[in-house]
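Engineer: Dropping in model_24.cif, which is mmCIF, C-alpha atoms and all ligand atoms:
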```cif
data_work
loop_
_atom_site.label_atom_id
_atom_site.label_comp_id
_atom_site.auth_asym_id
_atom_site.auth_seq_id
_atom_site.Cartn_x
_atom_site.Cartn_y
_atom_site.Cartn_z
CA MET A 1 -11.99 -8.38 -91.52
CA ASN A 2 -14.63 -10.68 -92.95
CA ASN A 3 -17.51 -8.40 -94.00
CA ASN A 4 -20.16 -11.11 -93.83
CA ASN A 5 -20.98 -10.14 -90.26
CA ILE A 6 -21.91 -6.53 -91.04
CA LEU A 7 -25.60 -6.01 -90.53
CA TYR A 8 -26.54 -3.31 -93.03
CA GLY A 9 -29.92 -1.63 -92.72
CA LYS A 10 -30.59 -1.17 -96.42
CA GLY A 11 -32.21 -4.55 -97.15
CA SER A 12 -34.47 -4.32 -94.10
CA ALA A 13 -35.42 -0.74 -94.97
CA GLN A 14 -36.31 -1.79 -98.52
CA ASP A 15 -38.50 -4.65 -97.24
CA ILE A 16 -40.33 -2.30 -94.88
CA LEU A 17 -40.80 0.36 -97.57
CA GLU A 18 -42.19 -2.26 -99.95
CA TYR A 19 -44.67 -3.28 -97.26
CA VAL A 20 -45.59 0.39 -96.76
CA SER A 21 -45.99 0.98 -100.49
CA ASP A 22 -48.28 -2.06 -100.89
CA ASN A 23 -50.38 -0.87 -97.97
CA VAL A 24 -50.60 2.69 -99.26
CA GLU A 25 -52.07 1.20 -102.46
CA ARG A 26 -54.50 -0.87 -100.42
CA LEU A 27 -55.62 2.17 -98.44
CA LYS A 28 -55.90 4.39 -101.51
CA GLY A 29 -58.04 1.67 -103.10
CA ALA A 30 -60.35 2.08 -100.11
CA GLY A 31 -60.38 5.88 -100.58
CA VAL A 32 -57.93 6.72 -97.79
CA HIS A 33 -54.85 8.80 -98.66
CA PRO A 34 -52.26 8.45 -95.87
CA ARG A 35 -51.06 11.88 -94.74
CA LEU A 36 -48.21 12.67 -92.38
CA VAL A 37 -47.64 16.10 -90.82
CA THR A 38 -44.38 17.14 -89.19
CA ILE A 39 -44.45 20.20 -86.95
CA GLN A 40 -41.28 22.20 -86.66
CA ILE A 41 -40.95 25.11 -84.26
CA GLY A 42 -38.38 27.75 -85.16
CA GLU A 43 -35.78 27.72 -87.90
CA ASP A 44 -33.10 25.08 -87.62
CA PRO A 45 -30.98 25.00 -90.79
CA ALA A 46 -29.26 21.78 -89.61
CA SER A 47 -32.60 19.96 -89.68
CA GLN A 48 -33.79 21.13 -93.09
CA ALA A 49 -31.87 18.52 -95.10
CA TYR A 50 -33.02 15.76 -92.75
CA LEU A 51 -36.66 16.85 -92.93
CA ALA A 52 -36.53 17.22 -96.70
CA SER A 53 -35.09 13.70 -97.06
CA GLN A 54 -37.73 12.29 -94.71
CA MET A 55 -40.46 13.93 -96.80
CA ARG A 56 -38.96 12.58 -100.03
CA SER A 57 -38.94 9.03 -98.58
CA ALA A 58 -42.61 9.40 -97.70
CA GLU A 59 -43.59 10.78 -101.12
CA LYS A 60 -41.70 7.90 -102.83
CA VAL A 61 -44.07 5.37 -101.26
CA GLY A 62 -47.15 7.47 -102.01
CA ILE A 63 -47.57 9.12 -98.61
CA LYS A 64 -48.53 12.78 -98.52
CA SER A 65 -45.99 14.42 -96.24
CA GLU A 66 -46.19 18.03 -95.08
CA LEU A 67 -44.10 20.30 -92.92
CA VAL A 68 -45.89 22.83 -90.73
CA SER A 69 -43.41 25.45 -89.58
CA LEU A 70 -44.36 27.49 -86.54
CA PRO A 71 -42.32 30.60 -85.68
CA ASP A 72 -39.99 30.38 -82.69
CA THR A 73 -42.15 33.06 -81.06
CA VAL A 74 -45.13 30.71 -80.92
CA SER A 75 -46.55 30.14 -77.43
CA GLN A 76 -47.08 26.74 -75.85
CA ASP A 77 -50.86 27.24 -76.04
CA GLU A 78 -50.76 28.16 -79.73
CA ALA A 79 -48.61 25.11 -80.49
CA VAL A 80 -51.03 22.87 -78.55
CA ARG A 81 -53.94 24.34 -80.52
CA THR A 82 -52.14 23.52 -83.79
CA ILE A 83 -51.76 19.91 -82.66
CA GLU A 84 -55.37 19.75 -81.50
CA SER A 85 -56.61 20.99 -84.85
CA MET A 86 -54.66 18.16 -86.52
CA ASN A 87 -55.95 15.67 -83.98
CA SER A 88 -59.49 16.48 -85.05
CA ASP A 89 -58.76 16.60 -88.80
CA PRO A 90 -59.61 13.14 -90.18
CA SER A 91 -57.43 13.72 -93.27
CA VAL A 92 -54.30 13.86 -91.05
CA HIS A 93 -53.22 10.35 -90.04
CA GLY A 94 -49.82 10.92 -88.48
CA ILE A 95 -48.41 13.82 -86.46
CA MET A 96 -44.83 14.22 -85.34
CA LEU A 97 -43.06 17.01 -83.55
CA HIS A 98 -39.57 17.73 -84.77
CA MET A 99 -37.09 18.02 -81.89
CA PRO A 100 -35.43 20.03 -80.51
CA VAL A 101 -37.91 22.83 -79.83
CA PRO A 102 -37.09 26.33 -78.53
CA LYS A 103 -36.36 26.62 -74.81
CA HIS A 104 -39.68 28.27 -73.89
CA ILE A 105 -41.59 25.31 -75.35
CA ASP A 106 -42.27 22.10 -73.39
CA GLY A 107 -41.68 19.55 -76.16
CA ARG A 108 -42.80 16.59 -74.11
CA ALA A 109 -46.14 18.26 -73.27
CA LEU A 110 -46.64 18.93 -76.98
CA GLN A 111 -45.87 15.31 -77.88
CA TRP A 112 -48.32 14.19 -75.24
CA ALA A 113 -51.00 16.41 -76.82
CA ILE A 114 -50.86 14.28 -79.98
CA ASN A 115 -53.79 11.89 -80.36
CA TYR A 116 -52.27 8.50 -79.59
CA LYS A 117 -53.74 6.96 -82.73
CA LYS A 118 -51.80 9.56 -84.77
CA ASP A 119 -48.62 9.25 -82.69
CA VAL A 120 -46.34 7.77 -85.40
CA GLU A 121 -43.25 8.21 -83.22
CA GLY A 122 -44.78 6.16 -80.40
CA VAL A 123 -44.01 8.77 -77.74
CA THR A 124 -47.35 9.36 -76.01
CA PRO A 125 -47.97 7.84 -72.56
CA HIS A 126 -50.76 5.72 -74.04
CA ASN A 127 -48.49 4.08 -76.61
CA LEU A 128 -45.57 3.70 -74.21
CA GLY A 129 -48.02 2.16 -71.72
CA ARG A 130 -49.15 -0.32 -74.37
CA LEU A 131 -45.52 -1.19 -75.02
CA PHE A 132 -45.02 -1.76 -71.28
CA LEU A 133 -48.02 -4.09 -71.32
CA GLY A 134 -46.71 -5.97 -74.36
CA ARG A 135 -49.52 -4.64 -76.58
CA PRO A 136 -47.68 -2.21 -78.82
CA VAL A 137 -49.30 -0.59 -81.83
CA LEU A 138 -47.22 2.53 -82.36
CA ALA A 139 -43.79 2.22 -80.73
CA PRO A 140 -40.66 4.41 -80.93
CA CYS A 141 -39.13 3.96 -84.38
CA THR A 142 -35.46 3.76 -83.39
CA ALA A 143 -36.10 0.98 -80.88
CA LEU A 144 -38.23 -0.85 -83.47
CA SER A 145 -35.42 -0.50 -85.95
CA ALA A 146 -32.81 -1.88 -83.51
CA ILE A 147 -35.04 -4.86 -82.72
CA HIS A 148 -35.80 -5.47 -86.39
CA LEU A 149 -32.07 -5.78 -87.08
CA ILE A 150 -31.59 -8.12 -84.12
CA LYS A 151 -34.38 -10.35 -85.44
CA ALA A 152 -32.91 -10.18 -88.94
CA THR A 153 -29.89 -12.15 -87.69
CA GLY A 154 -32.18 -15.15 -87.27
CA ALA A 155 -30.68 -15.82 -83.81
CA LYS A 156 -32.76 -17.71 -81.26
CA LEU A 157 -33.15 -14.93 -78.70
CA ARG A 158 -34.91 -16.70 -75.83
CA GLY A 159 -32.74 -16.65 -72.72
CA LEU A 160 -29.89 -14.64 -74.25
CA GLU A 161 -28.19 -11.95 -72.18
CA ALA A 162 -29.16 -8.59 -73.69
CA VAL A 163 -27.42 -5.45 -72.47
CA VAL A 164 -28.81 -2.05 -73.38
CA LEU A 165 -26.59 0.99 -72.92
CA GLY A 166 -28.75 4.07 -72.34
CA ARG A 167 -32.23 4.44 -70.88
CA SER A 168 -33.84 7.22 -72.89
CA ASP A 169 -37.59 7.18 -73.50
CA ILE A 170 -37.16 6.80 -77.26
CA VAL A 171 -34.32 4.26 -77.47
CA GLY A 172 -32.95 2.53 -74.38
CA LYS A 173 -36.14 1.98 -72.36
CA PRO A 174 -38.36 0.85 -75.26
CA ALA A 175 -35.59 -1.37 -76.67
CA SER A 176 -35.19 -3.02 -73.25
CA LEU A 177 -38.95 -3.67 -73.02
CA MET A 178 -38.98 -5.14 -76.53
CA LEU A 179 -36.03 -7.41 -75.70
CA THR A 180 -37.83 -8.54 -72.54
CA GLY A 181 -40.81 -9.36 -74.75
CA LEU A 182 -38.48 -11.46 -76.89
CA ASP A 183 -37.51 -13.49 -73.79
CA CYS A 184 -33.99 -12.08 -73.43
CA THR A 185 -32.57 -11.50 -69.96
CA VAL A 186 -32.14 -7.75 -70.04
CA THR A 187 -29.72 -5.42 -68.26
CA VAL A 188 -30.04 -1.66 -68.73
CA CYS A 189 -26.87 0.39 -68.15
CA HIS A 190 -26.64 4.14 -67.71
CA SER A 191 -24.39 6.80 -66.23
CA GLY A 192 -24.68 5.22 -62.77
CA THR A 193 -23.28 1.95 -64.16
CA SER A 194 -20.24 3.81 -65.50
CA GLU A 195 -19.75 5.73 -62.28
CA ARG A 196 -19.36 2.40 -60.46
CA GLY A 197 -16.91 1.21 -63.13
CA LEU A 198 -19.20 -1.68 -64.04
CA LEU A 199 -19.89 -0.99 -67.68
CA LYS A 200 -17.15 -3.21 -69.12
CA GLU A 201 -18.24 -6.29 -67.20
CA HIS A 202 -21.85 -5.90 -68.34
CA VAL A 203 -20.81 -5.44 -71.97
CA GLU A 204 -18.48 -8.44 -71.78
CA ARG A 205 -21.32 -10.84 -71.02
CA ALA A 206 -23.75 -9.42 -73.60
CA ASP A 207 -24.97 -11.86 -76.25
CA VAL A 208 -26.97 -8.94 -77.62
CA LEU A 209 -25.67 -5.41 -77.14
CA VAL A 210 -27.64 -2.27 -77.96
CA ALA A 211 -25.46 0.82 -77.62
CA SER A 212 -27.48 4.05 -77.43
CA VAL A 213 -25.39 6.48 -75.41
CA GLY A 214 -24.28 9.10 -77.91
CA ARG A 215 -20.51 8.99 -77.28
CA PRO A 216 -17.95 8.03 -79.92
CA ALA A 217 -15.78 4.97 -79.22
CA PHE A 218 -17.61 4.54 -75.93
CA VAL A 219 -17.73 0.74 -76.21
CA LYS A 220 -14.25 -0.71 -76.63
CA GLY A 221 -13.96 -3.38 -79.32
CA GLU A 222 -12.13 -5.74 -76.98
CA TRP A 223 -15.12 -5.77 -74.57
CA ILE A 224 -17.37 -7.47 -77.14
CA LYS A 225 -18.19 -11.09 -76.37
CA PRO A 226 -17.16 -13.34 -79.27
CA GLY A 227 -20.30 -14.18 -81.26
CA ALA A 228 -22.34 -11.26 -79.93
CA ILE A 229 -24.96 -9.30 -81.88
CA VAL A 230 -23.94 -5.64 -81.68
CA ILE A 231 -26.47 -2.93 -82.54
CA ASP A 232 -24.93 0.53 -82.60
CA VAL A 233 -27.59 3.22 -82.35
CA GLY A 234 -25.19 6.09 -81.61
CA ILE A 235 -24.87 9.05 -83.94
CA ASN A 236 -21.74 11.07 -83.29
CA TYR A 237 -19.63 13.37 -85.42
CA VAL A 238 -15.85 13.19 -85.08
CA ASP A 239 -13.91 15.58 -87.33
CA GLY A 240 -16.98 15.83 -89.57
CA LYS A 241 -17.25 12.04 -89.86
CA LEU A 242 -20.32 10.14 -88.67
CA VAL A 243 -19.51 7.35 -86.19
CA GLY A 244 -21.42 5.24 -83.69
CA ASP A 245 -20.84 4.44 -80.02
CA VAL A 246 -18.85 1.24 -80.64
CA GLU A 247 -15.22 0.91 -81.81
CA PHE A 248 -16.30 -0.69 -85.05
CA GLU A 249 -13.13 -2.27 -86.49
CA GLU A 250 -12.14 -4.08 -83.32
CA ALA A 251 -15.70 -5.02 -82.36
CA ALA A 252 -16.35 -6.44 -85.84
CA LYS A 253 -13.50 -8.92 -85.35
CA ARG A 254 -15.39 -10.46 -82.42
CA ALA A 255 -19.09 -9.95 -83.14
CA ALA A 256 -21.23 -12.45 -85.05
CA PHE A 257 -23.18 -9.45 -86.35
CA ILE A 258 -22.58 -5.73 -86.06
CA THR A 259 -24.43 -2.73 -87.48
CA PRO A 260 -22.33 -0.03 -89.17
CA VAL A 261 -22.75 3.71 -88.61
CA PRO A 262 -23.85 5.07 -90.99
CA GLY A 263 -25.82 2.43 -92.87
CA GLY A 264 -27.28 0.47 -89.95
CA VAL A 265 -30.04 1.42 -87.50
CA GLY A 266 -30.59 4.93 -88.89
CA THR A 267 -31.36 3.56 -92.35
CA VAL A 268 -34.22 1.49 -90.96
CA THR A 269 -35.62 4.14 -88.60
CA THR A 270 -37.23 6.35 -91.27
CA ALA A 271 -38.79 3.28 -92.89
CA TYR A 272 -40.34 2.39 -89.53
CA LEU A 273 -41.82 5.86 -89.19
CA LEU A 274 -43.69 5.28 -92.44
CA ARG A 275 -44.68 1.79 -91.39
CA ASN A 276 -46.05 3.25 -88.18
CA LEU A 277 -48.14 5.62 -90.30
CA ILE A 278 -49.79 2.62 -92.00
CA ASP A 279 -50.52 1.07 -88.60
CA ALA A 280 -51.85 4.45 -87.43
CA VAL A 281 -54.26 4.69 -90.38
CA ASP A 282 -55.52 1.16 -89.78
CA TRP A 283 -55.98 1.91 -86.08
CA GLN A 284 -57.94 5.07 -86.87
CA LEU A 285 -60.18 3.16 -89.26
CA LYS A 286 -60.99 0.57 -86.60
CA MET A 287 -63.36 1.44 -83.78
CA GLU A 288 -61.20 -0.29 -81.16
CA GLU A 289 -59.03 1.61 -78.66
P1 LIG B 301 -30.05 10.44 -74.58
O1 LIG B 301 -31.48 10.75 -74.31
O2 LIG B 301 -29.02 11.50 -74.44
O3 LIG B 301 -29.67 9.20 -73.63
C1 LIG B 301 -28.35 8.77 -73.51
C2 LIG B 301 -28.29 7.68 -72.50
O4 LIG B 301 -26.92 7.32 -72.39
C3 LIG B 301 -28.78 8.07 -71.10
O5 LIG B 301 -29.60 7.07 -70.57
C4 LIG B 301 -27.49 8.21 -70.31
O6 LIG B 301 -27.57 7.81 -68.95
C5 LIG B 301 -26.58 7.24 -71.02
N1 LIG B 301 -25.20 7.64 -70.79
C6 LIG B 301 -24.64 8.84 -71.02
N2 LIG B 301 -23.35 8.82 -70.62
C7 LIG B 301 -23.12 7.58 -70.13
C8 LIG B 301 -22.01 6.94 -69.57
N3 LIG B 301 -20.83 7.58 -69.40
N4 LIG B 301 -22.12 5.65 -69.19
C9 LIG B 301 -23.28 4.97 -69.35
N5 LIG B 301 -24.38 5.53 -69.88
C10 LIG B 301 -24.29 6.83 -70.26
O7 LIG B 301 -29.85 9.86 -76.04
P2 LIG B 301 -30.84 9.04 -77.01
O8 LIG B 301 -31.86 9.96 -77.54
O9 LIG B 301 -31.24 7.77 -76.38
O10 LIG B 301 -29.82 8.73 -78.18
C11 LIG B 301 -28.67 7.93 -77.97
C12 LIG B 301 -27.83 7.94 -79.21
O11 LIG B 301 -28.59 7.38 -80.30
C13 LIG B 301 -27.43 9.33 -79.70
O12 LIG B 301 -26.16 9.26 -80.31
C14 LIG B 301 -28.48 9.66 -80.75
O13 LIG B 301 -28.00 10.61 -81.70
C15 LIG B 301 -28.66 8.31 -81.36
N6 LIG B 301 -29.96 8.15 -82.03
C16 LIG B 301 -29.94 7.47 -83.20
C17 LIG B 301 -31.13 7.27 -83.87
C18 LIG B 301 -31.10 6.47 -85.15
O14 LIG B 301 -32.10 6.38 -85.83
N7 LIG B 301 -29.97 5.86 -85.50
C19 LIG B 301 -32.33 7.77 -83.38
C20 LIG B 301 -32.33 8.41 -82.13
C21 LIG B 301 -31.13 8.59 -81.47
P3 LIG B 301 -28.42 8.61 -67.84
O15 LIG B 301 -29.84 8.24 -68.13
O16 LIG B 301 -27.92 8.07 -66.56
O17 LIG B 301 -28.13 10.06 -68.07
#
```
Give the structure from the file, written as structure tokens.
Ligand code: NAP

Structural biologist:
Amino acid sequence: MNNNNILYGKGSAQDILEYVSDNVERLKGAGVHPRLVTIQIGEDPASQAYLASQMRSAEKVGIKSELVSLPDTVSQDEAVRTIESMNSDPSVHGIMLHMPVPKHIDGRALQWAINYKKDVEGVTPHNLGRLFLGRPVLAPCTALSAIHLIKATGAKLRGLEAVVLGRSDIVGKPASLMLTGLDCTVTVCHSGTSERGLLKEHVERADVLVASVGRPAFVKGEWIKPGAIVIDVGINYVDGKLVGDVEFEEAAKRAAFITPVPGGVGTVTTAYLLRNLIDAVDWQLKMEE
């Protein structure tokens, strides 16, 4: 396999982090110290390493990053009050809720309680509405990351057939809206597509494929259109090994560009979270809605 077509996330992540670092300096020069708060409800040992690494990435670029841990006995109202107190604290610029949350908690309602100007994950109805209207400010980081990598190929996207596998609120739907905004012709596939046995034929005509299903080897390598851009968002563990949704080896023989897992989309996602924090601070400093 010729490795020139592997679209690693590292270079893009470094560029974004450099942008963030420069802007943190700019803001600090103006007396503003960007501060990100992550709320976690209940103990989840599996998440600790991830959260610690996310906080280290933030600190490296000069962002103050804090974890607020609420006990798993916390009530919905108490959790909402915690978010509201951060909404009204001008020293907090970004708020994110770590998922999953305990069963008795309505995570979506909590996310929606976040002030949209502090919504660094781009998950509030206001920010998703702006994305729908083509006026995004804070958009979901994973979708931003997928689109960043597509743009990094330098391909002329207007009129290309883009196929998105998955329609979640944080990946598939926002990615499909962003691709529409980039003038692609977009098809969104989901479980209904598979039930009709139509998935293969949609994948086969994709010039741009975004796979965000969460199933290992879900997209067969031989389905990939020669010359396609393949963005694999999937995170799956098989025998302790991290793999994406696409059969990488076979797909890489056909694709013009393909993201690896790990080392692709996920690498850029955290950088985008921090970039969103910069945009959030600037939005809060402006009077405009
Ligand atoms: P999700 O909410 O579970 O959504 C999965 C989507 O896949 C749904 O729309 C579902 O269709 C569709 N799907 C499931 N089975 C299917 C099938 N047999 N045929 C066609 N479509 C099928 O997942 P998500 O949050 O979007 O995440 C997707 C993947 O990306 C996961 O592996 C996740 O771990 C990964 N992820 C990666 C990052 C990153 O930074 N790299 C960030 C977030 C998520 P229905 O709507 O019909 O059920």

Engineer: Could you produce a table of the residues of chain A lying within 9 Å of ligand LIG 301 (chain B), with the nearest pair of atoms per residue and their separation in Å rounded to one decimal, using all atoms listed in the file, ordered by chain and increasing residue number, as a tab-separated table?

Structural biologist:
```
residue	atom	partner	partner_atom	distance
A:Cys141	CA	B:LIG301	O14	7.6
A:Thr142	CA	B:LIG301	O14	4.9
A:Ala143	CA	B:LIG301	C19	8.2
A:Ser145	CA	B:LIG301	O14	7.6
A:Ala146	CA	B:LIG301	N7	8.5
A:Leu165	CA	B:LIG301	N5	5.9
A:Gly166	CA	B:LIG301	O5	3.6
A:Arg167	CA	B:LIG301	O5	3.7
A:Ser168	CA	B:LIG301	O9	4.4
A:Asp169	CA	B:LIG301	O9	7.0
A:Ile170	CA	B:LIG301	O9	6.1
A:Val171	CA	B:LIG301	O9	4.8
A:Gly172	CA	B:LIG301	O9	5.9
A:Lys173	CA	B:LIG301	O5	8.5
A:Val188	CA	B:LIG301	O5	8.9
A:Cys189	CA	B:LIG301	C9	5.9
A:His190	CA	B:LIG301	N5	3.4
A:Ser191	CA	B:LIG301	O16	3.8
A:Gly192	CA	B:LIG301	O16	5.7
A:Thr193	CA	B:LIG301	C9	6.0
A:Ser194	CA	B:LIG301	N4	4.5
A:Glu195	CA	B:LIG301	N4	7.3
A:Leu199	CA	B:LIG301	C9	7.1
A:Ala211	CA	B:LIG301	C12	7.7
A:Ser212	CA	B:LIG301	C11	4.1
A:Val213	CA	B:LIG301	O4	3.5
A:Gly214	CA	B:LIG301	O12	3.1
A:Arg215	CA	B:LIG301	O12	6.4
A:Pro216	CA	B:LIG301	O12	8.3
A:Phe218	CA	B:LIG301	N3	7.9
A:Asp232	CA	B:LIG301	N7	7.9
A:Val233	CA	B:LIG301	O11	4.7
A:Gly234	CA	B:LIG301	O12	3.6
A:Ile235	CA	B:LIG301	O12	3.9
A:Asn236	CA	B:LIG301	O12	5.6
A:Gly244	CA	B:LIG301	O12	7.1
A:Asp245	CA	B:LIG301	O12	7.2
A:Val261	CA	B:LIG301	N7	8.2
A:Pro262	CA	B:LIG301	N7	8.3
A:Gly264	CA	B:LIG301	N7	7.5
A:Val265	CA	B:LIG301	N7	4.9
A:Gly266	CA	B:LIG301	N7	3.6
A:Thr267	CA	B:LIG301	O14	7.1
A:Val268	CA	B:LIG301	O14	7.4
A:Thr269	CA	B:LIG301	O14	5.0
A:Thr270	CA	B:LIG301	O14	7.5
```

Engineer: Select, from A:Asp119, A:Asp207, A:Glu247, A:Glu43, the residue with the minimum atom-to-atom distance to Val68 in chain A, counting only C-alpha atoms.

Structural biologist: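 Ranking A:Asp119, A:Asp207, A:Glu247, A:Glu43 by distance to Val68 in chain A, first place goes to A:Glu43.
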
Engineer: Tell me which protein, DNA and RNA residues are within 9 Å of Gln40 in chain A, counting all atoms listed in the file, leaving out same-chain ones fewer than 2 positions away, and put them as a VMD selection string.

Structural biologist: chain A and resid 38 42 to 44 67 to 71 96 to 101

Engineer: State, in Å with one decimal place, the distance from CA of Glu201 in chain A to CA of Ile231 in chain A.

Structural biologist: 17.7 Å

Engineer: Pick out the closest residue to Val92 in chain A from this set: A:Val32, A:Met55, A:Ile147, A:Ala162. Count all atoms listed in the file.

Structural biologist: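 Looking only at the distances to Val92 in chain A, the closest residue turns out to be A:Val32.
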
Engineer: Taking a cut-off of 12 Å and counting only C-alpha atoms, can you build a table that, for each residue of range 191-288 of chain A near range 121-125 of chain A, reports the nearest atom pair and how far apart they are in Å (one decimal), sorted by chain then residue number, as a Markdown table?

Structural biologist:
```
| residue | atom | partner | partner_atom | distance |
| --- | --- | --- | --- | --- |
| A:Thr269 | CA | A:Glu121 | CA | 10.2 |
| A:Thr270 | CA | A:Glu121 | CA | 10.2 |
| A:Ala271 | CA | A:Glu121 | CA | 11.7 |
| A:Tyr272 | CA | A:Glu121 | CA | 9.1 |
| A:Leu273 | CA | A:Glu121 | CA | 6.6 |
| A:Leu274 | CA | A:Glu121 | CA | 9.7 |
| A:Arg275 | CA | A:Glu121 | CA | 10.5 |
| A:Asn276 | CA | A:Glu121 | CA | 7.6 |
| A:Leu277 | CA | A:Glu121 | CA | 9.0 |
| A:Asp279 | CA | A:Gly122 | CA | 11.2 |
| A:Ala280 | CA | A:Gly122 | CA | 10.1 |
```

Engineer: Please dump the current selection as a short mmCIF file (atom, residue, chain, number, x, y, z; two decimals), in the frame of the given file; keep C-alpha atoms.

Structural biologist:
```
data_model
loop_
_atom_site.label_atom_id
_atom_site.label_comp_id
_atom_site.auth_asym_id
_atom_site.auth_seq_id
_atom_site.Cartn_x
_atom_site.Cartn_y
_atom_site.Cartn_z
CA THR A 269 -35.62 4.14 -88.60
CA THR A 270 -37.23 6.35 -91.27
CA ALA A 271 -38.79 3.28 -92.89
CA TYR A 272 -40.34 2.39 -89.53
CA LEU A 273 -41.82 5.86 -89.19
CA LEU A 274 -43.69 5.28 -92.44
CA ARG A 275 -44.68 1.79 -91.39
CA ASN A 276 -46.05 3.25 -88.18
CA LEU A 277 -48.14 5.62 -90.30
CA ASP A 279 -50.52 1.07 -88.60
CA ALA A 280 -51.85 4.45 -87.43
#
```

Engineer: Of the candidates A:Ala152, A:Glu204, A:Ala79, A:Ala256, which one gets nearest to Gly11 in chain A if we count only C-alpha atoms?

Structural biologist: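 Closest to Gly11 in chain A of all the choices is A:Ala152.
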
Engineer: Please return as JSON, numbers by chain every residue within 8 Å of (-41.5, 11.7, -94.4), taking into account all atoms listed in the file and the file's own coordinates.

Structural biologist: {"A": [36, 51, 52, 53, 54, 55, 56, 57, 58, 59, 63, 65, 66, 270, 273, 274]}

Engineer: Between CA of Gly9 in chain A and CA of Lys64 in chain A, measure the distance and give it in Å to one decimal.

Structural biologist: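 A separation of 24.2 Å between them.
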
Engineer: Do you have the CA of Pro102 in chain A-CA of Ala139 in chain A distance handy?

Structural biologist: 25.1 Å

Engineer: Complete range 116-121 of chain A with all heavy atoms (output as a PDB file, keeping the file's coordinate frame).

Structural biologist:
```pdb
ATOM      1  N   TYR A 116     -53.147   9.677 -79.573  1.00  0.00           N
ATOM      2  CA  TYR A 116     -52.270   8.500 -79.590  1.00  0.00           C
ATOM      3  C   TYR A 116     -52.421   7.659 -80.847  1.00  0.00           C
ATOM      4  O   TYR A 116     -51.502   6.955 -81.240  1.00  0.00           O
ATOM      5  CB  TYR A 116     -52.457   7.649 -78.316  1.00  0.00           C
ATOM      6  CG  TYR A 116     -53.839   7.100 -78.095  1.00  0.00           C
ATOM      7  CD1 TYR A 116     -54.242   5.916 -78.695  1.00  0.00           C
ATOM      8  CD2 TYR A 116     -54.743   7.753 -77.270  1.00  0.00           C
ATOM      9  CE1 TYR A 116     -55.508   5.403 -78.486  1.00  0.00           C
ATOM     10  CE2 TYR A 116     -56.009   7.252 -77.056  1.00  0.00           C
ATOM     11  CZ  TYR A 116     -56.395   6.085 -77.675  1.00  0.00           C
ATOM     12  OH  TYR A 116     -57.646   5.577 -77.468  1.00  0.00           O
ATOM     13  N   LYS A 117     -53.573   7.751 -81.490  1.00  0.00           N
ATOM     14  CA  LYS A 117     -53.740   6.960 -82.730  1.00  0.00           C
ATOM     15  C   LYS A 117     -53.013   7.610 -83.913  1.00  0.00           C
ATOM     16  O   LYS A 117     -52.928   7.034 -84.978  1.00  0.00           O
ATOM     17  CB  LYS A 117     -55.217   6.793 -83.056  1.00  0.00           C
ATOM     18  CG  LYS A 117     -55.953   5.862 -82.108  1.00  0.00           C
ATOM     19  CD  LYS A 117     -57.331   5.531 -82.624  1.00  0.00           C
ATOM     20  CE  LYS A 117     -58.027   4.523 -81.732  1.00  0.00           C
ATOM     21  NZ  LYS A 117     -59.329   4.108 -82.281  1.00  0.00           N
ATOM     22  N   LYS A 118     -52.552   8.857 -83.714  1.00  0.00           N
ATOM     23  CA  LYS A 118     -51.800   9.560 -84.770  1.00  0.00           C
ATOM     24  C   LYS A 118     -50.325   9.705 -84.391  1.00  0.00           C
ATOM     25  O   LYS A 118     -49.547  10.339 -85.093  1.00  0.00           O
ATOM     26  CB  LYS A 118     -52.428  10.937 -85.027  1.00  0.00           C
ATOM     27  CG  LYS A 118     -53.879  10.851 -85.478  1.00  0.00           C
ATOM     28  CD  LYS A 118     -54.437  12.192 -85.929  1.00  0.00           C
ATOM     29  CE  LYS A 118     -55.882  12.009 -86.415  1.00  0.00           C
ATOM     30  NZ  LYS A 118     -56.428  13.227 -87.026  1.00  0.00           N
ATOM     31  N   ASP A 119     -49.961   9.090 -83.273  1.00  0.00           N
ATOM     32  CA  ASP A 119     -48.620   9.250 -82.690  1.00  0.00           C
ATOM     33  C   ASP A 119     -47.626   8.297 -83.387  1.00  0.00           C
ATOM     34  O   ASP A 119     -47.262   7.249 -82.847  1.00  0.00           O
ATOM     35  CB  ASP A 119     -48.745   8.955 -81.185  1.00  0.00           C
ATOM     36  CG  ASP A 119     -47.417   8.790 -80.492  1.00  0.00           C
ATOM     37  OD1 ASP A 119     -46.416   9.361 -80.968  1.00  0.00           O
ATOM     38  OD2 ASP A 119     -47.382   8.075 -79.467  1.00  0.00           O
ATOM     39  N   VAL A 120     -47.186   8.673 -84.590  1.00  0.00           N
ATOM     40  CA  VAL A 120     -46.340   7.770 -85.400  1.00  0.00           C
ATOM     41  C   VAL A 120     -44.943   7.568 -84.804  1.00  0.00           C
ATOM     42  O   VAL A 120     -44.230   6.651 -85.204  1.00  0.00           O
ATOM     43  CB  VAL A 120     -46.203   8.283 -86.854  1.00  0.00           C
ATOM     44  CG1 VAL A 120     -47.473   8.011 -87.630  1.00  0.00           C
ATOM     45  CG2 VAL A 120     -45.837   9.751 -86.891  1.00  0.00           C
ATOM     46  N   GLU A 121     -44.567   8.409 -83.850  1.00  0.00           N
ATOM     47  CA  GLU A 121     -43.250   8.210 -83.220  1.00  0.00           C
ATOM     48  C   GLU A 121     -43.359   7.346 -81.956  1.00  0.00           C
ATOM     49  O   GLU A 121     -42.343   7.017 -81.346  1.00  0.00           O
ATOM     50  CB  GLU A 121     -42.620   9.562 -82.875  1.00  0.00           C
ATOM     51  CG  GLU A 121     -42.217  10.334 -84.118  1.00  0.00           C
ATOM     52  CD  GLU A 121     -41.416  11.555 -83.759  1.00  0.00           C
ATOM     53  OE1 GLU A 121     -42.009  12.474 -83.162  1.00  0.00           O
ATOM     54  OE2 GLU A 121     -40.220  11.591 -84.066  1.00  0.00           O
TER      55      GLU A 121
END
```
